[in-house]
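Source file structure.cif; content: mmCIF, C-alpha atoms.
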data_upload
loop_
_atom_site.group_PDB
_atom_site.id
_atom_site.type_symbol
_atom_site.label_atom_id
_atom_site.label_comp_id
_atom_site.auth_asym_id
_atom_site.auth_seq_id
_atom_site.Cartn_x
_atom_site.Cartn_y
_atom_site.Cartn_z
ATOM 1 C CA ALA A 1 -45.703 -77.518 -48.498
ATOM 2 C CA ILE A 2 -43.901 -80.846 -48.949
ATOM 3 C CA ILE A 3 -42.051 -79.512 -51.999
ATOM 4 C CA GLY A 4 -41.100 -76.414 -50.020
ATOM 5 C CA GLN A 5 -39.731 -78.448 -47.114
ATOM 6 C CA GLY A 6 -37.822 -80.721 -49.481
ATOM 7 C CA THR A 7 -36.338 -77.747 -51.314
ATOM 8 C CA THR A 8 -35.248 -76.187 -48.038
ATOM 9 C CA ALA A 9 -33.587 -79.435 -46.938
ATOM 10 C CA VAL A 10 -31.663 -79.850 -50.210
ATOM 11 C CA LEU A 11 -30.596 -76.197 -50.366
ATOM 12 C CA SER A 12 -29.501 -76.290 -46.723
ATOM 13 C CA LEU A 13 -27.246 -79.228 -47.542
ATOM 14 C CA VAL A 14 -25.768 -77.345 -50.518
ATOM 15 C CA ASN A 15 -25.208 -74.229 -48.417
ATOM 16 C CA PHE A 16 -23.608 -76.213 -45.605
ATOM 17 C CA ALA A 17 -21.217 -77.982 -47.985
ATOM 18 C CA VAL A 18 -20.124 -74.756 -49.669
ATOM 19 C CA VAL A 19 -19.832 -72.825 -46.409
ATOM 20 C CA GLY A 20 -17.649 -75.563 -44.935
ATOM 21 C CA ARG A 21 -15.262 -75.161 -47.868
ATOM 22 C CA PHE A 22 -14.969 -71.369 -47.956
ATOM 23 C CA VAL A 23 -15.672 -70.110 -44.410
ATOM 24 C CA SER A 24 -13.314 -70.702 -41.495
ATOM 25 C CA PRO A 25 -14.579 -71.998 -38.125
ATOM 26 C CA ASN A 26 -13.904 -68.594 -36.540
ATOM 27 C CA GLU A 27 -15.922 -66.788 -39.220
ATOM 28 C CA TYR A 28 -18.766 -69.263 -38.905
ATOM 29 C CA GLY A 29 -18.733 -68.751 -35.145
ATOM 30 C CA SER A 30 -19.121 -64.998 -35.696
ATOM 31 C CA PHE A 31 -22.047 -65.694 -38.033
ATOM 32 C CA LEU A 32 -23.727 -67.874 -35.408
ATOM 33 C CA LEU A 33 -23.223 -65.142 -32.803
ATOM 34 C CA ALA A 34 -24.899 -62.629 -35.141
ATOM 35 C CA MET A 35 -27.770 -65.084 -35.724
ATOM 36 C CA MET A 36 -28.137 -65.505 -31.960
ATOM 37 C CA VAL A 37 -28.564 -61.740 -31.578
ATOM 38 C CA LEU A 38 -31.207 -61.832 -34.337
ATOM 39 C CA THR A 39 -33.073 -64.728 -32.739
ATOM 40 C CA ALA A 40 -32.966 -63.105 -29.317
ATOM 41 C CA THR A 41 -34.775 -60.018 -30.623
ATOM 42 C CA GLN A 42 -36.882 -61.431 -33.456
ATOM 43 C CA TRP A 43 -38.973 -63.599 -31.155
ATOM 44 C CA LEU A 44 -40.525 -60.353 -29.870
ATOM 45 C CA ALA A 45 -42.038 -59.603 -33.251
ATOM 46 C CA LEU A 46 -41.905 -62.272 -35.940
ATOM 47 C CA ASN A 47 -45.433 -63.427 -36.870
ATOM 48 C CA ALA A 48 -46.787 -62.263 -33.509
ATOM 49 C CA TYR A 49 -49.087 -59.698 -35.120
ATOM 50 C CA LYS A 50 -50.566 -62.063 -37.673
ATOM 51 C CA GLU A 51 -53.262 -63.186 -35.238
ATOM 52 C CA PRO A 52 -55.451 -60.047 -35.244
ATOM 53 C CA VAL A 53 -55.263 -59.779 -39.030
ATOM 54 C CA VAL A 54 -56.022 -63.466 -39.601
ATOM 55 C CA GLN A 55 -58.713 -63.897 -36.950
ATOM 56 C CA ALA A 56 -60.457 -60.519 -36.636
ATOM 57 C CA LYS A 57 -64.145 -60.836 -37.411
ATOM 58 C CA ASP A 58 -64.314 -57.407 -39.049
ATOM 59 C CA LEU A 59 -61.121 -56.478 -40.851
ATOM 60 C CA GLY A 60 -61.093 -53.019 -42.410
ATOM 61 C CA ASP A 61 -58.380 -50.777 -43.792
ATOM 62 C CA SER A 62 -58.129 -48.938 -40.479
ATOM 63 C CA LEU A 63 -57.224 -52.056 -38.497
ATOM 64 C CA ILE A 64 -54.866 -53.286 -41.206
ATOM 65 C CA ASN A 65 -53.006 -49.970 -41.324
ATOM 66 C CA SER A 66 -52.887 -49.712 -37.523
ATOM 67 C CA VAL A 67 -51.374 -53.170 -37.138
ATOM 68 C CA PHE A 68 -48.984 -52.508 -40.037
ATOM 69 C CA THR A 69 -47.864 -49.208 -38.490
ATOM 70 C CA PHE A 70 -47.397 -50.883 -35.130
ATOM 71 C CA THR A 71 -45.271 -53.665 -36.638
ATOM 72 C CA VAL A 72 -43.089 -51.156 -38.502
ATOM 73 C CA GLY A 73 -42.527 -49.282 -35.231
ATOM 74 C CA VAL A 74 -41.668 -52.465 -33.345
ATOM 75 C CA GLY A 75 -39.323 -53.526 -36.144
ATOM 76 C CA ALA A 76 -37.549 -50.162 -36.031
ATOM 77 C CA LEU A 77 -37.171 -50.387 -32.248
ATOM 78 C CA LEU A 78 -35.742 -53.908 -32.407
ATOM 79 C CA CYS A 79 -33.438 -52.798 -35.220
ATOM 80 C CA CYS A 80 -32.004 -50.108 -32.924
ATOM 81 C CA ILE A 81 -31.440 -52.723 -30.217
ATOM 82 C CA MET A 82 -29.552 -54.912 -32.678
ATOM 83 C CA LEU A 83 -27.464 -51.985 -33.888
ATOM 84 C CA GLY A 84 -26.547 -51.293 -30.269
ATOM 85 C CA ALA A 85 -25.493 -54.927 -29.883
ATOM 86 C CA ALA A 86 -23.408 -54.653 -33.068
ATOM 87 C CA TRP A 87 -21.617 -51.575 -31.732
ATOM 88 C CA TYR A 88 -20.950 -53.251 -28.382
ATOM 89 C CA LEU A 89 -19.536 -56.443 -29.916
ATOM 90 C CA GLU A 90 -17.389 -54.609 -32.454
ATOM 91 C CA ARG A 91 -16.018 -52.320 -29.755
ATOM 92 C CA GLY A 92 -14.776 -55.354 -27.846
ATOM 93 C CA GLY A 93 -12.665 -56.409 -30.815
ATOM 94 C CA SER A 94 -12.820 -60.127 -30.016
ATOM 95 C CA THR A 95 -15.380 -60.944 -32.717
ATOM 96 C CA PRO A 96 -14.244 -59.278 -35.957
ATOM 97 C CA GLY A 97 -16.912 -59.010 -38.632
ATOM 98 C CA VAL A 98 -19.836 -59.845 -36.386
ATOM 99 C CA GLY A 99 -20.929 -56.201 -36.191
ATOM 100 C CA ALA A 100 -21.363 -55.921 -39.958
ATOM 101 C CA CYS A 101 -23.354 -59.157 -39.946
ATOM 102 C CA ILE A 102 -25.674 -57.884 -37.216
ATOM 103 C CA VAL A 103 -26.246 -54.616 -39.103
ATOM 104 C CA VAL A 104 -27.436 -56.540 -42.178
ATOM 105 C CA LEU A 105 -29.586 -58.849 -40.056
ATOM 106 C CA ALA A 106 -31.073 -55.819 -38.262
ATOM 107 C CA LEU A 107 -32.314 -54.480 -41.592
ATOM 108 C CA LYS A 108 -33.659 -57.944 -42.413
ATOM 109 C CA LEU A 109 -35.551 -57.919 -39.114
ATOM 110 C CA VAL A 110 -37.312 -54.653 -40.016
ATOM 111 C CA ILE A 111 -38.424 -56.114 -43.353
ATOM 112 C CA ASP A 112 -39.595 -59.424 -41.858
ATOM 113 C CA THR A 113 -41.513 -57.693 -39.072
ATOM 114 C CA ALA A 114 -43.252 -55.260 -41.422
ATOM 115 C CA MET A 115 -44.176 -58.109 -43.771
ATOM 116 C CA SER A 116 -46.009 -60.011 -41.030
ATOM 117 C CA VAL A 117 -49.210 -58.123 -41.926
ATOM 118 C CA PRO A 118 -49.088 -58.713 -45.731
ATOM 119 C CA ASN A 119 -48.269 -62.332 -44.956
ATOM 120 C CA ALA A 120 -51.224 -62.573 -42.581
ATOM 121 C CA LEU A 121 -53.600 -61.253 -45.234
ATOM 122 C CA ARG A 122 -52.514 -64.116 -47.508
ATOM 123 C CA VAL A 123 -53.084 -66.603 -44.705
ATOM 124 C CA ARG A 124 -56.535 -65.109 -44.059
ATOM 125 C CA LYS A 125 -57.356 -65.742 -47.726
ATOM 126 C CA LEU A 126 -55.926 -69.287 -47.465
ATOM 127 C CA GLU A 127 -53.366 -68.591 -50.200
ATOM 128 C CA PHE A 128 -50.937 -71.186 -48.894
ATOM 129 C CA LYS A 129 -49.838 -72.301 -52.354
ATOM 130 C CA PHE A 130 -48.722 -68.755 -53.151
ATOM 131 C CA LEU A 131 -46.798 -68.482 -49.888
ATOM 132 C CA ALA A 132 -45.110 -71.843 -50.518
ATOM 133 C CA ARG A 133 -44.043 -70.758 -54.010
ATOM 134 C CA VAL A 134 -42.636 -67.495 -52.700
ATOM 135 C CA SER A 135 -40.717 -69.349 -49.998
ATOM 136 C CA ILE A 136 -39.244 -71.802 -52.519
ATOM 137 C CA CYS A 137 -38.165 -69.034 -54.910
ATOM 138 C CA ALA A 138 -36.671 -66.978 -52.070
ATOM 139 C CA ASN A 139 -34.689 -69.977 -50.788
ATOM 140 C CA ILE A 140 -33.346 -70.758 -54.259
ATOM 141 C CA ALA A 141 -32.331 -67.128 -54.814
ATOM 142 C CA ALA A 142 -30.673 -66.965 -51.392
ATOM 143 C CA THR A 143 -28.671 -70.110 -52.121
ATOM 144 C CA VAL A 144 -27.522 -68.793 -55.510
ATOM 145 C CA VAL A 145 -26.452 -65.490 -53.936
ATOM 146 C CA ASN A 146 -24.724 -67.223 -51.036
ATOM 147 C CA VAL A 147 -22.744 -69.630 -53.238
ATOM 148 C CA GLY A 148 -21.930 -66.892 -55.750
ATOM 149 C CA LEU A 149 -20.623 -64.487 -53.114
ATOM 150 C CA LEU A 150 -18.646 -67.219 -51.385
ATOM 151 C CA LEU A 151 -16.955 -68.106 -54.684
ATOM 152 C CA ALA A 152 -16.256 -64.397 -55.197
ATOM 153 C CA GLY A 153 -14.481 -64.250 -51.838
ATOM 154 C CA TRP A 154 -17.019 -62.318 -49.773
ATOM 155 C CA GLY A 155 -16.695 -64.769 -46.906
ATOM 156 C CA LEU A 156 -18.764 -64.063 -43.814
ATOM 157 C CA LEU A 157 -20.928 -61.342 -45.382
ATOM 158 C CA SER A 158 -22.226 -63.732 -48.036
ATOM 159 C CA LEU A 159 -24.103 -65.672 -45.347
ATOM 160 C CA VAL A 160 -26.096 -62.690 -44.104
ATOM 161 C CA LEU A 161 -26.526 -60.964 -47.472
ATOM 162 C CA SER A 162 -28.145 -64.094 -48.877
ATOM 163 C CA GLN A 163 -30.674 -64.002 -46.030
ATOM 164 C CA MET A 164 -31.361 -60.355 -46.774
ATOM 165 C CA VAL A 165 -32.031 -61.275 -50.413
ATOM 166 C CA ALA A 166 -34.597 -63.867 -49.317
ATOM 167 C CA SER A 167 -36.416 -61.285 -47.168
ATOM 168 C CA LEU A 168 -36.383 -58.656 -49.931
ATOM 169 C CA LEU A 169 -37.761 -61.074 -52.527
ATOM 170 C CA THR A 170 -40.486 -62.239 -50.161
ATOM 171 C CA ALA A 171 -41.444 -58.642 -49.330
ATOM 172 C CA GLY A 172 -41.489 -57.694 -53.013
ATOM 173 C CA ALA A 173 -43.737 -60.622 -53.890
ATOM 174 C CA LEU A 174 -46.169 -59.885 -51.053
ATOM 175 C CA LEU A 175 -46.432 -56.174 -51.832
ATOM 176 C CA TYR A 176 -46.380 -56.306 -55.645
ATOM 177 C CA THR A 177 -49.025 -59.008 -56.021
ATOM 178 C CA GLY A 178 -51.276 -57.792 -53.213
ATOM 179 C CA GLN A 179 -54.248 -55.484 -53.665
ATOM 180 C CA GLN A 180 -53.905 -53.851 -50.260
ATOM 181 C CA ARG A 181 -52.169 -50.482 -50.052
ATOM 182 C CA TYR A 182 -50.547 -49.807 -46.693
ATOM 183 C CA ARG A 183 -50.325 -46.463 -44.906
ATOM 184 C CA LEU A 184 -48.582 -45.489 -41.696
ATOM 185 C CA ARG A 185 -51.692 -44.595 -39.708
ATOM 186 C CA LEU A 186 -52.421 -45.622 -36.141
ATOM 187 C CA ARG A 187 -55.832 -45.461 -34.462
ATOM 188 C CA ARG A 188 -55.813 -45.783 -30.705
ATOM 189 C CA ALA A 189 -59.021 -47.841 -30.770
ATOM 190 C CA ASP A 190 -57.322 -50.494 -32.902
ATOM 191 C CA LEU A 191 -54.635 -51.036 -30.260
ATOM 192 C CA ALA A 192 -57.251 -52.722 -28.082
ATOM 193 C CA VAL A 193 -57.519 -55.416 -30.738
ATOM 194 C CA LEU A 194 -53.753 -55.881 -30.651
ATOM 195 C CA GLY A 195 -53.853 -56.255 -26.888
ATOM 196 C CA GLY A 196 -56.545 -58.888 -27.166
ATOM 197 C CA TYR A 197 -54.799 -61.054 -29.737
ATOM 198 C CA SER A 198 -51.122 -60.670 -28.843
ATOM 199 C CA PRO A 199 -50.943 -59.890 -25.100
ATOM 200 C CA HIS A 200 -47.711 -61.865 -24.635
ATOM 201 C CA VAL A 201 -45.990 -59.678 -27.215
ATOM 202 C CA ILE A 202 -47.499 -56.385 -26.068
ATOM 203 C CA LEU A 203 -46.345 -57.076 -22.502
#
Represent the structure of the file as structure tokens.
Amino acid sequence: AIIGQGTTAVLSLVNFAVVGRFVSPNEYGSFLLAMMVLTATQWLALNAYKEPVVQAKDLGDSLINSVFTFTVGVGALLCCIMLGAAWYLERGGSTPGVGACIVVLALKLVIDTAMSVPNALRVRKLEFKFLARVSICANIAATVVNVGLLLAGWGLLSLVLSQMVASLLTAGALLYTGQQRYRLRLRRADLAVLGGYSPHVIL
């Protein structure tokens, strides 16, 4: 965990230095606006559904698939909200480029939300070293992509595409190395468990 935090700090410094050289203040402001839209919607989903998977006394395939299906549905709904925000901001014309950024971040939100269940299964098994390694590798890859795209002249999009790369690599690692196979199946009885563990999110 300490290595992971240190890596994040160093890579953040590298990213900040490179971004300051290649991205204008106006472009960076558009990026921050897109990130604000992501944050305003992601709090409704990110990691909120880990609790029933981590803490449930009896965890079977039915409950896992029900929670996974629910998270995918929530992610898709929040993605639509973000796409609506992207359309609204682009239509105004005062924030050029922010719509494209929000579209990429909306897709990232779907991936991150769906991966909350595979991530929770790792936490339930106390595989924190694996999760730390995945996080470190994803951060390194995101930094390489960000710096590479900035040098290639991609500008604002490089910031959000690098974050998408981190989410895709994390999702790939969780799904490829895991033994669980996920199916989009929802049992009504399992929703009671969701209501018990995440009432603030369900409401």
Using the chain letters and numbers from the file, give me the residues hit by the PyMOL selection byres ((chain A and resi 15-28) around 12), as a CSV table (one decimal) with C-alpha atoms, in the coordinates of the input.
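part-v3.csv, freshly written:
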chain,number,residue,atom,x,y,z
A,8,THR,CA,-35.2,-76.2,-48.0
A,9,ALA,CA,-33.6,-79.4,-46.9
A,10,VAL,CA,-31.7,-79.8,-50.2
A,11,LEU,CA,-30.6,-76.2,-50.4
A,12,SER,CA,-29.5,-76.3,-46.7
A,13,LEU,CA,-27.2,-79.2,-47.5
A,14,VAL,CA,-25.8,-77.3,-50.5
A,29,GLY,CA,-18.7,-68.8,-35.1
A,30,SER,CA,-19.1,-65.0,-35.7
A,31,PHE,CA,-22.0,-65.7,-38.0
A,32,LEU,CA,-23.7,-67.9,-35.4
A,33,LEU,CA,-23.2,-65.1,-32.8
A,34,ALA,CA,-24.9,-62.6,-35.1
A,35,MET,CA,-27.8,-65.1,-35.7
A,94,SER,CA,-12.8,-60.1,-30.0
A,95,THR,CA,-15.4,-60.9,-32.7
A,96,PRO,CA,-14.2,-59.3,-36.0
A,97,GLY,CA,-16.9,-59.0,-38.6
A,98,VAL,CA,-19.8,-59.8,-36.4
A,101,CYS,CA,-23.4,-59.2,-39.9
A,139,ASN,CA,-34.7,-70.0,-50.8
A,140,ILE,CA,-33.3,-70.8,-54.3
A,141,ALA,CA,-32.3,-67.1,-54.8
A,142,ALA,CA,-30.7,-67.0,-51.4
A,143,THR,CA,-28.7,-70.1,-52.1
A,144,VAL,CA,-27.5,-68.8,-55.5
A,145,VAL,CA,-26.5,-65.5,-53.9
A,146,ASN,CA,-24.7,-67.2,-51.0
A,147,VAL,CA,-22.7,-69.6,-53.2
A,148,GLY,CA,-21.9,-66.9,-55.8
A,149,LEU,CA,-20.6,-64.5,-53.1
A,150,LEU,CA,-18.6,-67.2,-51.4
A,151,LEU,CA,-17.0,-68.1,-54.7
A,152,ALA,CA,-16.3,-64.4,-55.2
A,153,GLY,CA,-14.5,-64.2,-51.8
A,154,TRP,CA,-17.0,-62.3,-49.8
A,155,GLY,CA,-16.7,-64.8,-46.9
A,156,LEU,CA,-18.8,-64.1,-43.8
A,157,LEU,CA,-20.9,-61.3,-45.4
A,158,SER,CA,-22.2,-63.7,-48.0
A,159,LEU,CA,-24.1,-65.7,-45.3
A,160,VAL,CA,-26.1,-62.7,-44.1
A,162,SER,CA,-28.1,-64.1,-48.9
A,163,GLN,CA,-30.7,-64.0,-46.0
Would you kindly return, as a tab-separated table (two decimals) with C-alpha atoms, in the frame of the given file, each protein, DNA or RNA residue with an atom no farther than 12 Å from any atom of Gln179 of chain A, considering only C-alpha atoms and excluding same-chain residues fewer than 3 positions away?
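Output contents, as saved in result_23.tsv:
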chain	number	residue	atom	x	y	z
A	61	ASP	CA	-58.38	-50.78	-43.79
A	118	PRO	CA	-49.09	-58.71	-45.73
A	121	LEU	CA	-53.60	-61.25	-45.23
A	122	ARG	CA	-52.51	-64.12	-47.51
A	173	ALA	CA	-43.74	-60.62	-53.89
A	174	LEU	CA	-46.17	-59.88	-51.05
A	175	LEU	CA	-46.43	-56.17	-51.83
A	176	TYR	CA	-46.38	-56.31	-55.64
A	182	TYR	CA	-50.55	-49.81	-46.69
Inset, instruction - Could you jot down the atom CA of Gly172 of chain A to atom CA of Ala45 of chain A separation for me, Å, one decimal place? - result: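 Answer for the atom CA of Gly172 of chain A to atom CA of Ala45 of chain A separation: 19.9 Å.
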Legend entry - Best match for closeness to Leu184 of chain A among A:Leu63, A:Leu131, A:Ala85, A:Cys79, counting all atoms listed in the file: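 The shortest atom-to-atom distance to Leu184 of chain A comes from A:Leu63.
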Inset, instruction - Let me know the residues the PyMOL selection byres ((chain A and resi 41) around 9) catches in the file above, as an MDAnalysis selection string. - result: chainID A and resid 36:40 42:45 78:79 81:82 109
Show me, as a CSV table (one decimal) with C-alpha atoms, in the frame of the given file, the residues that have an atom within 8 Å of Thr170 of chain A when counting all atoms listed in the file, minus same-chain residues fewer than 3 positions from it.
chain,number,residue,atom,x,y,z
A,134,VAL,CA,-42.6,-67.5,-52.7
A,135,SER,CA,-40.7,-69.3,-50.0
A,138,ALA,CA,-36.7,-67.0,-52.1
A,166,ALA,CA,-34.6,-63.9,-49.3
A,167,SER,CA,-36.4,-61.3,-47.2
A,173,ALA,CA,-43.7,-60.6,-53.9
A,174,LEU,CA,-46.2,-59.9,-51.1
Inset, instruction - Choose the residue, out of A:Val54, A:Val72, A:Leu59, A:Leu77, that has the smallest atom-to-atom separation from Leu126 of chain A; count all atoms listed in the file. - result: A:Val54
Inset, instruction - Please measure the separation of atom CA of Thr71 of chain A and atom CA of Val193 of chain A, giving the value in Å to one decimal. - result: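 Between atom CA of Thr71 of chain A and atom CA of Val193 of chain A the gap works out to 13.7 Å.
Among the candidates A:Val110, A:Ala1, A:Val53, A:Val123, the one nearest to Gly75 of chain A when counting all atoms listed in the file is A:Val110.
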Inset, instruction - Name all residues at most 9 Å from Leu186 of chain A (count all atoms listed in the file; drop same-chain ones fewer than 2 positions away) and give them as a PyMOL selection string. - result: chain A and resi 62-63+65-70+184+188-191
Residues of the last selection are to be written out with C-alpha atoms, as a JSON list (two decimals), in the frame of the given file.
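Full text of selection_33.json as output:
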[["chain", "number", "residue", "atom", "x", "y", "z"],
["A", 62, "SER", "CA", -58.13, -48.94, -40.48],
["A", 63, "LEU", "CA", -57.22, -52.06, -38.50],
["A", 65, "ASN", "CA", -53.01, -49.97, -41.32],
["A", 66, "SER", "CA", -52.89, -49.71, -37.52],
["A", 67, "VAL", "CA", -51.37, -53.17, -37.14],
["A", 68, "PHE", "CA", -48.98, -52.51, -40.04],
["A", 69, "THR", "CA", -47.86, -49.21, -38.49],
["A", 70, "PHE", "CA", -47.40, -50.88, -35.13],
["A", 184, "LEU", "CA", -48.58, -45.49, -41.70],
["A", 188, "ARG", "CA", -55.81, -45.78, -30.70],
["A", 189, "ALA", "CA", -59.02, -47.84, -30.77],
["A", 190, "ASP", "CA", -57.32, -50.49, -32.90],
["A", 191, "LEU", "CA", -54.64, -51.04, -30.26]]
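Atom CA of Val165 of chain A is positioned 15.7 Å from atom CA of Arg133 of chain A.
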Legend entry - From A:Ala56, A:Ile2, A:Leu83, A:Ala192, residue lying nearest Leu107 of chain A [all atoms listed in the file]: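 Ranked by minimum distance to Leu107 of chain A, first place goes to A:Leu83.
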Legend entry - Selected residue, from A:Ala132, A:Tyr197, A:Ala106, A:Cys137, that lies nearest to Leu161 of chain A when counting all atoms listed in the file: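 For Leu161 of chain A, the nearest of the candidates is A:Ala106.
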